[in-house]
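Please read the structure below before turning to the comments.
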Amino acid sequence: MNPEFEMVVGLEVHTQLLTRSKLFCRCENRFGAAPNTLVCPVCLGHPGVLPVLNEEAVRLGIRLGLALGCTVHTRSVFDRKHYFYPDLPKGYQISQFTHPLLTGGSLSVRSGEGVREIRLHRIHMEEDAGKNLHAGIRDASHVDLNRAGVPLLEIVSEPDIRTPEEAVDYLKKLRQILRAIGISDGNMEEGSFRCDANVSLRRKGTSAFGTKVEIKNMNSFRFVQKALVHECDRQSALLERGERVVSETRLFDSSTGKTLSMRSKEEALDYRYFPEPDLPPLVLDPTWIAEERANLPELPQERVLKLSEELGIREEDAEALLLEEDLSRYFEEARGVVVRYAKEGGWPVELGTGRLVNFILSEVLREWNRKGARILSGDLCPEEVAYLVAQVVEERISLNQAKEVYVLAVESLRSPRAVIKEHNLSQESGEEKLGEWIQEVLAENPAEVRSYREGKERVFGFLVGQVMKKSGGKANPQKANLLLKDYLSR
Amino acid sequence: MTPLFDGIASFAQGRDSRKFSIEEAVRDCLARIENLDPQLGAFLSLNPNAVNRARQLDNRMARNPAQSPFYGYPVAIKDNLHVAGMPTTCASRMLANYRPLENATVVDRLLKAGAVILGKTNMDEFAMGSSTENSAMGVTRNPWDTRRVPGGSSGGSAVAVASDMAPMALGSDTGGSIRQPAAFCGVLGLKPTYGRISRYGLVAFSSSLDQIGPFARHAQDALEMMLVLSGPDGRDMTVASRNPEEMRRDFASEVRGMVIGMPEEFFSDGLDDGVRSSLERAREVLAADGAIFRPVRLPSAQYGINVYYIIATSEAASNLSRYDGVRYGYRSLKASNIRDLYTHTRQEGFGPEVKRRILLGTFALSAGYQDQYYRKAQQVQSLIREEFDRAFHEVDMVFAPTTPTPPFLFGEKSSDPLAMYLSDIYTISANLAGLPALSVPSWPTAEGLPVGAQLIGPAWSEGRLLKVASVLEEAVGVCRPPMTGERQGGEAA
């Protein structure tokens, strides 16, 4: 993308709600059942049926509104949105158009080194459609209506997002909140958390919006990132050539990483919205809203602040630990074990937790990301990572050694204890032995010693490295550092 | 061919005194259907289990006395209401082979009270029409003059009751579809307050206007049926939480001192002279009973037709979207892709009037026209409501003709949709305002054609409307079409 341009992105997220039954009937709300087994006359759109609103879905909507600081409207209205498609049994979707359940609110996302508030436009309730199946069927398409009528919240942001990274962080933060308040499992692969993006470019420093393009079919965070980068490049190239961006809907193709035109604005459907006559306006009792507010669990952002204060770690680190439940659970378990080591070893627990946070966010997370999965067989359990951290705190091995042990242990499916023993890893902190190595290094590098003493302090690092090398990696780096300085100043 | 009983009271008495069995009562109706329906065409299908059920009810009654006046009572059901085990065709090719999976709530309630369903009755396709001529299933004739239409859309139900093939029937009323055929066939028809009765299992035409209601010979019977049908239903969120018993209480109120409004807009030039003089006679009877008549103004009612044909068609176009050939109902065999499947299925499955209304409704809601049509119609609808509200500060109910003319001839209006639409001019505003309204037989015209008097009341006033209707019923006396065989009223009761 030409750096003179700025990207402007608004996101529309559809999240399925974790209710037991569908939004307007009593059919089970569940993913993965055999096709057309979770259906009834209501969600099949038979003649004569009427919708009955699922109160639990409303409750979950209220919770999200409260968590995101939205205005929860005590009166909202359902509307019909019309289009013909085989997966839409009634020929219309029951949604909310002019009077949504929630408006306003915001979500703070990480932007470079800072934080930006992304404002929310609205959140409304609607029913999901079924699924058309084409794969493996000759000369026909099949329809599975298990998903038809599953409750959704559509969360529409303002066009406040400026980078693909912000977009991804927005989605992660949103999903974290959905999970924290227990309203959605946020599973992008199963489609319970779906995202469309409205993307446009404008010259930096200007405030008018460019022509926007809607992008669909991005079913992972990685694809969102890729699609936005590609779309910005595409629009940027068009604008640089003096061409115009066409208002249209484009599909992201994950196999090519590109977006393809699906339909232009001229082909856009006329949804003929009008108030759903089968459902009276949804009127909420303010005491209900107050109750939900009182019952709201601690939100991720509050937990981040608390954790960073409690452990004396950076907010960013606390946020990283809490962003995913697997990771934070892993951390909590390991932390418990570190506390025990601290008690037994008689050292302050803060020494251990700081190192543990770093270790998990670097080594463990790297391993997970490399495998693209969480907590696999062969992975080290939290107790084992706590053990490594304690070994480092107690100066039995160095941090670098601990990292090596971690990698070796994961690769060889063995315990860190066994790896340490096998490789005879230990750390030398004794001044006598360290002094021996230092003296040898000083003797072997007279020129560097001279430059250091003449003021070239950069040479110090080189000398430390030589000491580590001579020790075969066993020298305690901090101790070696101090002692080396001591020798050089003599 | 005199019916075994006349009305629910005489039925219950005959049943409990073992004058006749339930099976005999049901067979009596079936015999009349067999005799008369080939000429009249009221029924689209008969319940093959009617006699069986009657026998079962008889057996059960041998052990326990009947708990409900409806125990064993035969009824006919308009073919847009679901009866499990029987087809629901809506008189449309689209649903010719459709069988519902469950009963409509009203059918459930009737069955629970012990009623025996005789069959399903003809109607205008998807309840769109005023003469039953729009049925894809055949013609229904007016028993008073078989050259004439029975009215519509609930023409079959009206004819079934008028000719004693069924003592009572259910219909649905969106713009007059119960009251207009009731007037044309000389029976009582009631459209309840919107939200009084669950619509679950009624195939929707215009959801915000549709309401199910009874056809009966007697106001008392209509009341009894209303008590069975009414009240909250977990399957329809638009039903109000009103206690149906208020209707019984109101039915006991006095006509003396009631203030009845005469809206001049309903007695203007378009009104047939025969209808006018019949209503004048009805007014005199009520006045003699102590009712006080007073003029009221309902100036916006004249826009009712315009408003109705925007709101009802908008909702109809939406409600009928589901008939796409994908999951049930008619499916065209011509299609080779999804677009063609929709086009051909709907082209072949719907009749011309249904298509006309889908087009009107789609247009009225389309982008760029919504404000001009749908929104404007909603605004006028509010005006009509407010005018009724104001009128009901001064009067207890409104008295008006049900239809501008007596029943018309076949084909007389079927080629002119507007003329046909105008036959609902007096009934539509009650639907738009969500108010209860009924048509009760007044004196026939000099030509011997039935006339209906309409009463429109404030919300939840069905009991009082029926009370006033019962006074007229008594004054007018026996009101039976000649072809069904003459018989004196009150004999069995």
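Lettering and numbering for the structure tokens are positional, with chains as A, B, ... in the shown order, residues counted from 1 in each chain, and ligands counted from 1 in the shown order.
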Report task. Tell me which protein, DNA and RNA residues are within 7 Å of Gly463 (chain B), counting only C-alpha atoms, leaving out same-chain ones fewer than 2 positions away, and put them as a list in words. Result -> Met247, Arg248, Asp250, Phe251, Ser461, Leu465, Leu466 and Lys467 of chain B
Writer output for current selection, N, CA and C atoms, as a PDB file, in the first residue's frame:
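And here's selection10.pdb as it stands now:
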```
ATOM      1  N   MET B 247     -65.836 -11.901  28.469  1.00  0.00           N
ATOM      2  CA  MET B 247     -66.847 -11.895  27.404  1.00  0.00           C
ATOM      3  C   MET B 247     -68.183 -12.417  27.924  1.00  0.00           C
ATOM      4  N   ARG B 248     -68.121 -13.443  28.779  1.00  0.00           N
ATOM      5  CA  ARG B 248     -69.365 -13.982  29.329  1.00  0.00           C
ATOM      6  C   ARG B 248     -70.052 -12.912  30.186  1.00  0.00           C
ATOM      7  N   ASP B 250     -69.727  -9.643  29.893  1.00  0.00           N
ATOM      8  CA  ASP B 250     -70.255  -8.577  29.045  1.00  0.00           C
ATOM      9  C   ASP B 250     -71.494  -9.026  28.273  1.00  0.00           C
ATOM     10  N   PHE B 251     -71.562 -10.327  27.976  1.00  0.00           N
ATOM     11  CA  PHE B 251     -72.712 -10.847  27.237  1.00  0.00           C
ATOM     12  C   PHE B 251     -73.985 -10.713  28.078  1.00  0.00           C
ATOM     13  N   SER B 461     -64.344  -6.002  23.471  1.00  0.00           N
ATOM     14  CA  SER B 461     -65.780  -5.833  23.747  1.00  0.00           C
ATOM     15  C   SER B 461     -66.637  -6.893  23.063  1.00  0.00           C
ATOM     16  N   LEU B 465     -70.783  -6.898  21.981  1.00  0.00           N
ATOM     17  CA  LEU B 465     -71.224  -6.962  20.574  1.00  0.00           C
ATOM     18  C   LEU B 465     -72.164  -8.154  20.386  1.00  0.00           C
ATOM     19  N   LEU B 466     -71.794  -9.284  20.980  1.00  0.00           N
ATOM     20  CA  LEU B 466     -72.624 -10.482  20.826  1.00  0.00           C
ATOM     21  C   LEU B 466     -73.978 -10.303  21.506  1.00  0.00           C
ATOM     22  N   LYS B 467     -73.965  -9.568  22.604  1.00  0.00           N
ATOM     23  CA  LYS B 467     -75.232  -9.306  23.296  1.00  0.00           C
ATOM     24  C   LYS B 467     -76.206  -8.554  22.376  1.00  0.00           C
TER      25      LYS B 467
END
```
Report task. Find the residues around Arg276 (chain B) up to 12 Å (only C-alpha atoms counted), leave out those fewer than 4 positions away in its own chain, and share them as a PyMOL selection string. Result -> chain B and resi 266-272+280-283+400-406+442-446+451-453
Next, the residues of the selection above should be written as a PDB file, in the first residue's frame with N, CA and C atoms.
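Saved file out.pdb follows:
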```pdb
ATOM      1  N   PHE B 266     -70.336   5.432   6.719  1.00  0.00           N
ATOM      2  CA  PHE B 266     -70.686   4.061   6.372  1.00  0.00           C
ATOM      3  C   PHE B 266     -72.094   3.968   5.759  1.00  0.00           C
ATOM      4  N   PHE B 267     -72.761   5.103   5.678  1.00  0.00           N
ATOM      5  CA  PHE B 267     -74.113   5.095   5.111  1.00  0.00           C
ATOM      6  C   PHE B 267     -74.191   6.058   3.931  1.00  0.00           C
ATOM      7  N   SER B 268     -73.100   6.176   3.180  1.00  0.00           N
ATOM      8  CA  SER B 268     -73.052   7.163   2.103  1.00  0.00           C
ATOM      9  C   SER B 268     -73.694   6.587   0.840  1.00  0.00           C
ATOM     10  N   ASP B 269     -73.465   7.264  -0.282  1.00  0.00           N
ATOM     11  CA  ASP B 269     -74.192   6.971  -1.518  1.00  0.00           C
ATOM     12  C   ASP B 269     -74.029   5.553  -2.049  1.00  0.00           C
ATOM     13  N   GLY B 270     -72.856   4.975  -1.829  1.00  0.00           N
ATOM     14  CA  GLY B 270     -72.603   3.662  -2.410  1.00  0.00           C
ATOM     15  C   GLY B 270     -73.445   2.541  -1.824  1.00  0.00           C
ATOM     16  N   LEU B 271     -74.213   2.847  -0.783  1.00  0.00           N
ATOM     17  CA  LEU B 271     -74.936   1.782  -0.076  1.00  0.00           C
ATOM     18  C   LEU B 271     -76.225   1.397  -0.813  1.00  0.00           C
ATOM     19  N   ASP B 272     -76.387   0.121  -1.027  1.00  0.00           N
ATOM     20  CA  ASP B 272     -77.576  -0.443  -1.686  1.00  0.00           C
ATOM     21  C   ASP B 272     -78.842  -0.126  -0.879  1.00  0.00           C
ATOM     22  N   GLU B 280     -82.119  -0.002   8.636  1.00  0.00           N
ATOM     23  CA  GLU B 280     -82.978   0.956   9.325  1.00  0.00           C
ATOM     24  C   GLU B 280     -83.927   0.211  10.265  1.00  0.00           C
ATOM     25  N   ARG B 281     -84.431  -0.900   9.746  1.00  0.00           N
ATOM     26  CA  ARG B 281     -85.345  -1.714  10.556  1.00  0.00           C
ATOM     27  C   ARG B 281     -84.614  -2.267  11.783  1.00  0.00           C
ATOM     28  N   ALA B 282     -83.342  -2.696  11.569  1.00  0.00           N
ATOM     29  CA  ALA B 282     -82.546  -3.218  12.677  1.00  0.00           C
ATOM     30  C   ALA B 282     -82.315  -2.134  13.718  1.00  0.00           C
ATOM     31  N   ARG B 283     -82.040  -0.931  13.231  1.00  0.00           N
ATOM     32  CA  ARG B 283     -81.803   0.180  14.149  1.00  0.00           C
ATOM     33  C   ARG B 283     -83.039   0.425  15.019  1.00  0.00           C
ATOM     34  N   ALA B 400     -73.141  -0.393  11.596  1.00  0.00           N
ATOM     35  CA  ALA B 400     -72.886  -0.097  10.180  1.00  0.00           C
ATOM     36  C   ALA B 400     -73.311  -1.285   9.344  1.00  0.00           C
ATOM     37  N   PRO B 401     -73.456  -1.080   8.043  1.00  0.00           N
ATOM     38  CA  PRO B 401     -73.647  -2.247   7.183  1.00  0.00           C
ATOM     39  C   PRO B 401     -72.361  -3.066   7.144  1.00  0.00           C
ATOM     40  N   THR B 402     -72.488  -4.374   6.875  1.00  0.00           N
ATOM     41  CA  THR B 402     -71.287  -5.182   6.699  1.00  0.00           C
ATOM     42  C   THR B 402     -70.757  -5.024   5.288  1.00  0.00           C
ATOM     43  N   THR B 403     -71.682  -4.987   4.333  1.00  0.00           N
ATOM     44  CA  THR B 403     -71.291  -4.885   2.925  1.00  0.00           C
ATOM     45  C   THR B 403     -72.138  -3.821   2.251  1.00  0.00           C
ATOM     46  N   PRO B 404     -71.646  -3.213   1.190  1.00  0.00           N
ATOM     47  CA  PRO B 404     -72.438  -2.186   0.503  1.00  0.00           C
ATOM     48  C   PRO B 404     -73.624  -2.758  -0.267  1.00  0.00           C
ATOM     49  N   THR B 405     -73.525  -4.053  -0.627  1.00  0.00           N
ATOM     50  CA  THR B 405     -74.594  -4.666  -1.439  1.00  0.00           C
ATOM     51  C   THR B 405     -74.901  -6.056  -0.897  1.00  0.00           C
ATOM     52  N   PRO B 406     -76.054  -6.626  -1.304  1.00  0.00           N
ATOM     53  CA  PRO B 406     -76.280  -8.046  -1.030  1.00  0.00           C
ATOM     54  C   PRO B 406     -75.333  -8.875  -1.911  1.00  0.00           C
ATOM     55  N   SER B 442     -79.476  -9.293   9.293  1.00  0.00           N
ATOM     56  CA  SER B 442     -80.597  -8.365   9.407  1.00  0.00           C
ATOM     57  C   SER B 442     -81.699  -8.927   8.499  1.00  0.00           C
ATOM     58  N   TRP B 443     -82.753  -8.178   8.263  1.00  0.00           N
ATOM     59  CA  TRP B 443     -83.827  -8.711   7.424  1.00  0.00           C
ATOM     60  C   TRP B 443     -83.378  -8.818   5.980  1.00  0.00           C
ATOM     61  N   PRO B 444     -83.711  -9.889   5.296  1.00  0.00           N
ATOM     62  CA  PRO B 444     -83.337 -10.014   3.887  1.00  0.00           C
ATOM     63  C   PRO B 444     -83.957  -8.913   3.043  1.00  0.00           C
ATOM     64  N   THR B 445     -83.388  -8.701   1.881  1.00  0.00           N
ATOM     65  CA  THR B 445     -83.934  -7.693   0.957  1.00  0.00           C
ATOM     66  C   THR B 445     -85.236  -8.198   0.367  1.00  0.00           C
ATOM     67  N   ALA B 446     -85.874  -7.324  -0.361  1.00  0.00           N
ATOM     68  CA  ALA B 446     -87.141  -7.681  -0.996  1.00  0.00           C
ATOM     69  C   ALA B 446     -86.957  -8.857  -1.951  1.00  0.00           C
ATOM     70  N   VAL B 451     -78.828  -9.889   4.321  1.00  0.00           N
ATOM     71  CA  VAL B 451     -78.171  -8.616   4.634  1.00  0.00           C
ATOM     72  C   VAL B 451     -77.512  -8.777   6.000  1.00  0.00           C
ATOM     73  N   GLY B 452     -76.318  -8.212   6.136  1.00  0.00           N
ATOM     74  CA  GLY B 452     -75.641  -8.272   7.425  1.00  0.00           C
ATOM     75  C   GLY B 452     -75.555  -6.903   8.066  1.00  0.00           C
ATOM     76  N   ALA B 453     -75.827  -6.861   9.381  1.00  0.00           N
ATOM     77  CA  ALA B 453     -75.583  -5.638  10.154  1.00  0.00           C
ATOM     78  C   ALA B 453     -74.262  -5.821  10.871  1.00  0.00           C
TER      79      ALA B 453
END
```
Identify every residue of chain B that has at least one atom within 7 Å of any atom of chain A, counting only C-alpha atoms, and report the result as a short mmCIF file (atom, residue, chain, number, x, y, z; two decimals) with N, CA and C atoms, in the first residue's frame.
```cif
data_model
loop_
_atom_site.label_atom_id
_atom_site.label_comp_id
_atom_site.auth_asym_id
_atom_site.auth_seq_id
_atom_site.Cartn_x
_atom_site.Cartn_y
_atom_site.Cartn_z
N TYR B 200 -51.46 -19.30 15.84
CA TYR B 200 -50.56 -20.40 15.52
C TYR B 200 -51.32 -21.47 14.74
N GLY B 201 -50.80 -21.81 13.57
CA GLY B 201 -51.46 -22.82 12.74
C GLY B 201 -52.44 -22.23 11.74
N LEU B 202 -52.57 -20.91 11.74
CA LEU B 202 -53.32 -20.22 10.68
C LEU B 202 -52.30 -19.82 9.63
N VAL B 203 -52.49 -20.24 8.41
CA VAL B 203 -51.53 -19.87 7.36
C VAL B 203 -51.65 -18.37 7.14
N ALA B 204 -50.55 -17.67 7.37
CA ALA B 204 -50.60 -16.21 7.42
C ALA B 204 -50.86 -15.59 6.07
N SER B 207 -50.13 -10.79 8.72
CA SER B 207 -50.00 -11.18 10.13
C SER B 207 -50.52 -10.14 11.11
N SER B 208 -50.42 -8.86 10.78
CA SER B 208 -50.84 -7.84 11.75
C SER B 208 -52.35 -7.61 11.69
N ARG B 235 -47.42 -20.18 21.90
CA ARG B 235 -46.88 -20.28 20.55
C ARG B 235 -47.15 -19.03 19.71
N ASP B 236 -47.84 -18.06 20.28
CA ASP B 236 -48.11 -16.81 19.56
C ASP B 236 -47.90 -15.63 20.50
N MET B 237 -46.83 -14.87 20.26
CA MET B 237 -46.48 -13.78 21.16
C MET B 237 -47.38 -12.56 20.98
N THR B 238 -48.24 -12.56 19.95
CA THR B 238 -49.11 -11.40 19.75
C THR B 238 -50.44 -11.55 20.48
N SER B 321 -43.31 -15.56 0.81
CA SER B 321 -41.96 -15.81 0.29
C SER B 321 -41.54 -17.25 0.49
N ARG B 322 -42.08 -17.87 1.54
CA ARG B 322 -41.62 -19.21 1.90
C ARG B 322 -42.04 -20.28 0.90
N VAL B 326 -38.70 -25.36 -2.30
CA VAL B 326 -37.49 -26.01 -1.78
C VAL B 326 -37.82 -27.10 -0.76
N LEU B 365 -43.07 -2.08 -0.55
CA LEU B 365 -41.98 -2.13 0.43
C LEU B 365 -40.62 -1.88 -0.19
N SER B 366 -40.57 -1.68 -1.51
CA SER B 366 -39.25 -1.64 -2.14
C SER B 366 -38.56 -0.31 -1.85
N ALA B 367 -37.24 -0.35 -1.98
CA ALA B 367 -36.41 0.81 -1.65
C ALA B 367 -36.86 1.99 -2.50
#
```
Query - Residues within 6 Å of region 180-188 of chain B, only C-alpha atoms, excluding chain neighbours under 5 positions, as a list of chain:residue names - result: B:Pro150, B:Gly151, B:Gly152, B:Gly155, B:Ala158, B:Ala162, B:Phe215, B:Ala216, B:Arg217, B:Pro407, B:Ser439, B:Val440, B:Pro441, B:Pro450, B:Val451, B:Gly452
Requested in this report: Could you please write out, as a PyMOL selection string, every residue of region 105-243 of chain A that DSSP assigns to alpha helix (DSSP H)?
Outcome: chain A and resi 164-180+221-240
Using only C-alpha atoms, what does the table of region 114-209 of chain B residues within 12 Å of region 298-315 of chain B look like, with each row giving the shortest atom pair and its distance in Å to one decimal, sorted by chain and ascending number, as a tab-separated table?
```
residue	atom	partner	partner_atom	distance
B:Phe126	CA	B:Thr313	CA	11.8
B:Ala127	CA	B:Ala312	CA	11.3
B:Met128	CA	B:Thr313	CA	9.6
B:Gly129	CA	B:Tyr309	CA	11.7
B:Asp173	CA	B:Ala312	CA	11.8
B:Thr174	CA	B:Ala312	CA	8.0
B:Gly175	CA	B:Tyr308	CA	7.6
B:Gly176	CA	B:Tyr308	CA	11.1
B:Ala204	CA	B:Glu315	CA	8.9
B:Phe205	CA	B:Glu315	CA	7.1
B:Ser206	CA	B:Ala312	CA	5.0
B:Ser207	CA	B:Glu315	CA	6.7
B:Ser208	CA	B:Glu315	CA	8.0
B:Leu209	CA	B:Ala312	CA	7.4
```
List the spatial neighbours of Val407 (chain A) as a CSV table (one decimal) with N, CA and C atoms, in the first residue's frame - criterion: any atom at most 12 Å away, only C-alpha atoms, same-chain residues fewer than 3 positions off excluded.
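The resulting file, result.csv, is reproduced below:
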```
chain,number,residue,atom,x,y,z
A,362,SER,N,7.5,-16.4,25.8
A,362,SER,CA,8.4,-16.6,24.7
A,362,SER,C,8.5,-18.1,24.3
A,363,GLU,N,9.0,-18.9,25.2
A,363,GLU,CA,9.3,-20.3,24.8
A,363,GLU,C,8.0,-21.1,24.5
A,364,VAL,N,7.1,-21.1,25.5
A,364,VAL,CA,5.9,-22.0,25.4
A,364,VAL,C,5.0,-21.5,24.2
A,366,ARG,N,5.9,-19.8,21.6
A,366,ARG,CA,6.5,-20.0,20.3
A,366,ARG,C,6.3,-21.4,19.9
A,367,GLU,N,6.4,-22.3,20.8
A,367,GLU,CA,6.2,-23.8,20.5
A,367,GLU,C,4.8,-24.0,20.1
A,368,TRP,N,3.9,-23.4,20.8
A,368,TRP,CA,2.4,-23.6,20.4
A,368,TRP,C,2.1,-23.1,19.1
A,378,GLY,N,3.6,-34.4,24.3
A,378,GLY,CA,4.9,-34.0,24.0
A,378,GLY,C,5.2,-32.7,24.5
A,379,ASP,N,4.2,-31.9,24.7
A,379,ASP,CA,4.3,-30.6,25.3
A,379,ASP,C,4.7,-30.7,26.8
A,380,LEU,N,5.4,-29.7,27.3
A,380,LEU,CA,5.7,-29.8,28.7
A,380,LEU,C,4.5,-29.3,29.5
A,385,VAL,N,7.5,-26.7,33.4
A,385,VAL,CA,8.0,-25.4,33.1
A,385,VAL,C,8.3,-24.6,34.4
A,388,LEU,N,11.7,-25.7,35.6
A,388,LEU,CA,12.8,-25.1,34.9
A,388,LEU,C,13.0,-23.7,35.4
A,400,ASN,N,19.5,-19.4,29.5
A,400,ASN,CA,19.7,-20.0,28.1
A,400,ASN,C,19.7,-21.5,28.2
A,401,GLN,N,20.3,-22.0,29.2
A,401,GLN,CA,20.2,-23.5,29.4
A,401,GLN,C,18.8,-24.0,29.5
A,402,ALA,N,18.0,-23.2,30.3
A,402,ALA,CA,16.6,-23.6,30.5
A,402,ALA,C,15.9,-23.7,29.2
A,403,LYS,N,16.1,-22.7,28.4
A,403,LYS,CA,15.5,-22.6,27.1
A,403,LYS,C,15.9,-23.8,26.2
A,404,GLU,N,17.1,-24.2,26.3
A,404,GLU,CA,17.6,-25.3,25.5
A,404,GLU,C,16.9,-26.6,26.0
A,410,VAL,N,10.9,-31.1,24.7
A,410,VAL,CA,9.7,-31.2,23.8
A,410,VAL,C,10.0,-32.1,22.7
A,411,GLU,N,11.2,-31.9,22.1
A,411,GLU,CA,11.5,-32.7,20.9
A,411,GLU,C,11.6,-34.2,21.2
A,412,SER,N,12.3,-34.5,22.4
A,412,SER,CA,12.6,-35.9,22.7
A,412,SER,C,11.5,-36.6,23.6
A,413,LEU,N,10.5,-35.8,23.8
A,413,LEU,CA,9.4,-36.4,24.7
A,413,LEU,C,9.9,-36.8,26.0
A,414,ARG,N,10.8,-36.1,26.6
A,414,ARG,CA,11.4,-36.5,27.9
A,414,ARG,C,11.2,-35.4,28.9
A,415,SER,N,11.4,-35.7,30.2
A,415,SER,CA,11.2,-34.6,31.2
A,415,SER,C,12.4,-33.7,31.2
A,416,PRO,N,12.2,-32.5,31.6
A,416,PRO,CA,13.4,-31.6,31.8
A,416,PRO,C,14.4,-32.1,32.7
A,419,VAL,N,16.6,-34.5,30.9
A,419,VAL,CA,17.4,-33.8,29.9
A,419,VAL,C,18.6,-33.1,30.6
A,420,ILE,N,18.3,-32.5,31.7
A,420,ILE,CA,19.4,-31.8,32.4
A,420,ILE,C,20.5,-32.8,32.9
```
**Report entry** Proximity to Phe209 (chain A) - best of A:Glu440, A:Glu6, A:Ser308, A:Ile177, only C-alpha atoms
**Finding:** A:Glu6
Requested in this report: Can you pull out every residue within 9 Å of Arg417 (chain A), counting only C-alpha atoms, but drop anything in the same chain fewer than 4 positions away, and send it as a ChimeraX atom specification?
Outcome: /A:384,387-388,405,409,421-422
Residues of the last selection are to be written out with C-alpha atoms, as an mmCIF file, in the first residue's frame.
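This went into part.cif:
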```
data_model
loop_
_atom_site.group_PDB
_atom_site.id
_atom_site.type_symbol
_atom_site.label_atom_id
_atom_site.label_comp_id
_atom_site.auth_asym_id
_atom_site.auth_seq_id
_atom_site.Cartn_x
_atom_site.Cartn_y
_atom_site.Cartn_z
ATOM 1 C CA GLU A 384 7.719 -28.950 34.301
ATOM 2 C CA TYR A 387 10.570 -26.600 37.590
ATOM 3 C CA LEU A 388 12.775 -25.074 34.874
ATOM 4 C CA VAL A 405 16.264 -27.882 27.943
ATOM 5 C CA ALA A 409 12.551 -31.998 26.243
ATOM 6 C CA LYS A 421 20.845 -34.935 33.846
ATOM 7 C CA GLU A 422 21.733 -36.439 30.490
#
```
Report task. Write out as a list in words the residues lying within 6 Å of Glu158 (chain A), counting only C-alpha atoms and excluding same-chain residues fewer than 5 positions away. Result -> Gly10, Arg119, Leu120 and His121 of chain A
Output for the residues just chosen: C-alpha atoms as a CSV table (one decimal), in the first residue's frame:
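Result file is out-v1.csv:
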```csv
chain,number,residue,atom,x,y,z
A,10,GLY,CA,-15.2,-1.2,9.9
A,119,ARG,CA,-16.2,2.7,18.7
A,120,LEU,CA,-19.1,0.4,18.2
A,121,HIS,CA,-22.0,1.4,16.0
```
Query raised in the report: How would you write, as a PyMOL selection string, the set of residues in region 265-397 of chain B that DSSP gives as strand (DSSP E)?
Result: chain B and resi 292-296+397
Can you write out the residues you just picked, keeping N, CA and C atoms, as an mmCIF file, in the first residue's frame?
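Saved result, again_21.cif, follows:
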```cif
data_model
loop_
_atom_site.group_PDB
_atom_site.id
_atom_site.type_symbol
_atom_site.label_atom_id
_atom_site.label_comp_id
_atom_site.auth_asym_id
_atom_site.auth_seq_id
_atom_site.Cartn_x
_atom_site.Cartn_y
_atom_site.Cartn_z
ATOM 1 N N ILE B 292 -79.387 3.717 22.545
ATOM 2 C CA ILE B 292 -79.438 5.127 22.146
ATOM 3 C C ILE B 292 -78.514 5.324 20.954
ATOM 4 N N PHE B 293 -79.068 5.757 19.832
ATOM 5 C CA PHE B 293 -78.253 5.957 18.625
ATOM 6 C C PHE B 293 -77.783 7.396 18.529
ATOM 7 N N ARG B 294 -76.551 7.534 18.079
ATOM 8 C CA ARG B 294 -75.947 8.858 18.034
ATOM 9 C C ARG B 294 -75.003 8.889 16.823
ATOM 10 N N PRO B 295 -74.983 9.976 16.073
ATOM 11 C CA PRO B 295 -74.032 10.016 14.940
ATOM 12 C C PRO B 295 -72.583 10.120 15.434
ATOM 13 N N VAL B 296 -71.658 9.443 14.738
ATOM 14 C CA VAL B 296 -70.225 9.618 15.028
ATOM 15 C C VAL B 296 -69.505 9.856 13.708
ATOM 16 N N MET B 397 -70.393 1.266 20.908
ATOM 17 C CA MET B 397 -70.039 0.510 19.712
ATOM 18 C C MET B 397 -70.562 1.266 18.505
#
```
**Report entry** Distance of CA of Ser45 (chain B) from CA of Tyr98 (chain B), expressed in Å to one decimal place
**Finding:**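 Interatomic distance, CA of Tyr98 (chain B) to CA of Ser45 (chain B): 12.7 Å.
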**Report entry** Atom-to-atom span, CA of Phe43 (chain B) and CA of Gly351 (chain B), Å
**Finding:**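 Result for CA of Phe43 (chain B) versus CA of Gly351 (chain B): 19.6 Å, one decimal.
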Query raised in the report: What is the CA of Val239 (chain B) to CA of Asn47 (chain B) distance in Å?
Result: 28.9 Å
Requested in this report: Would you kindly return, as an NGL selection string, each protein, DNA or RNA residue with an atom no farther than 10 Å from any atom of Arg339 (chain B), considering only C-alpha atoms and excluding same-chain residues fewer than 4 positions away?
Outcome: (:A and (84-85)) or (:B and (324 or 335 or 343-345))
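Residue nearest Thr163 (chain A) within the list A:Cys70, A:Ile118, A:Val337, A:Val283: A:Ile118 [criterion: smallest interatomic distance, only C-alpha atoms].
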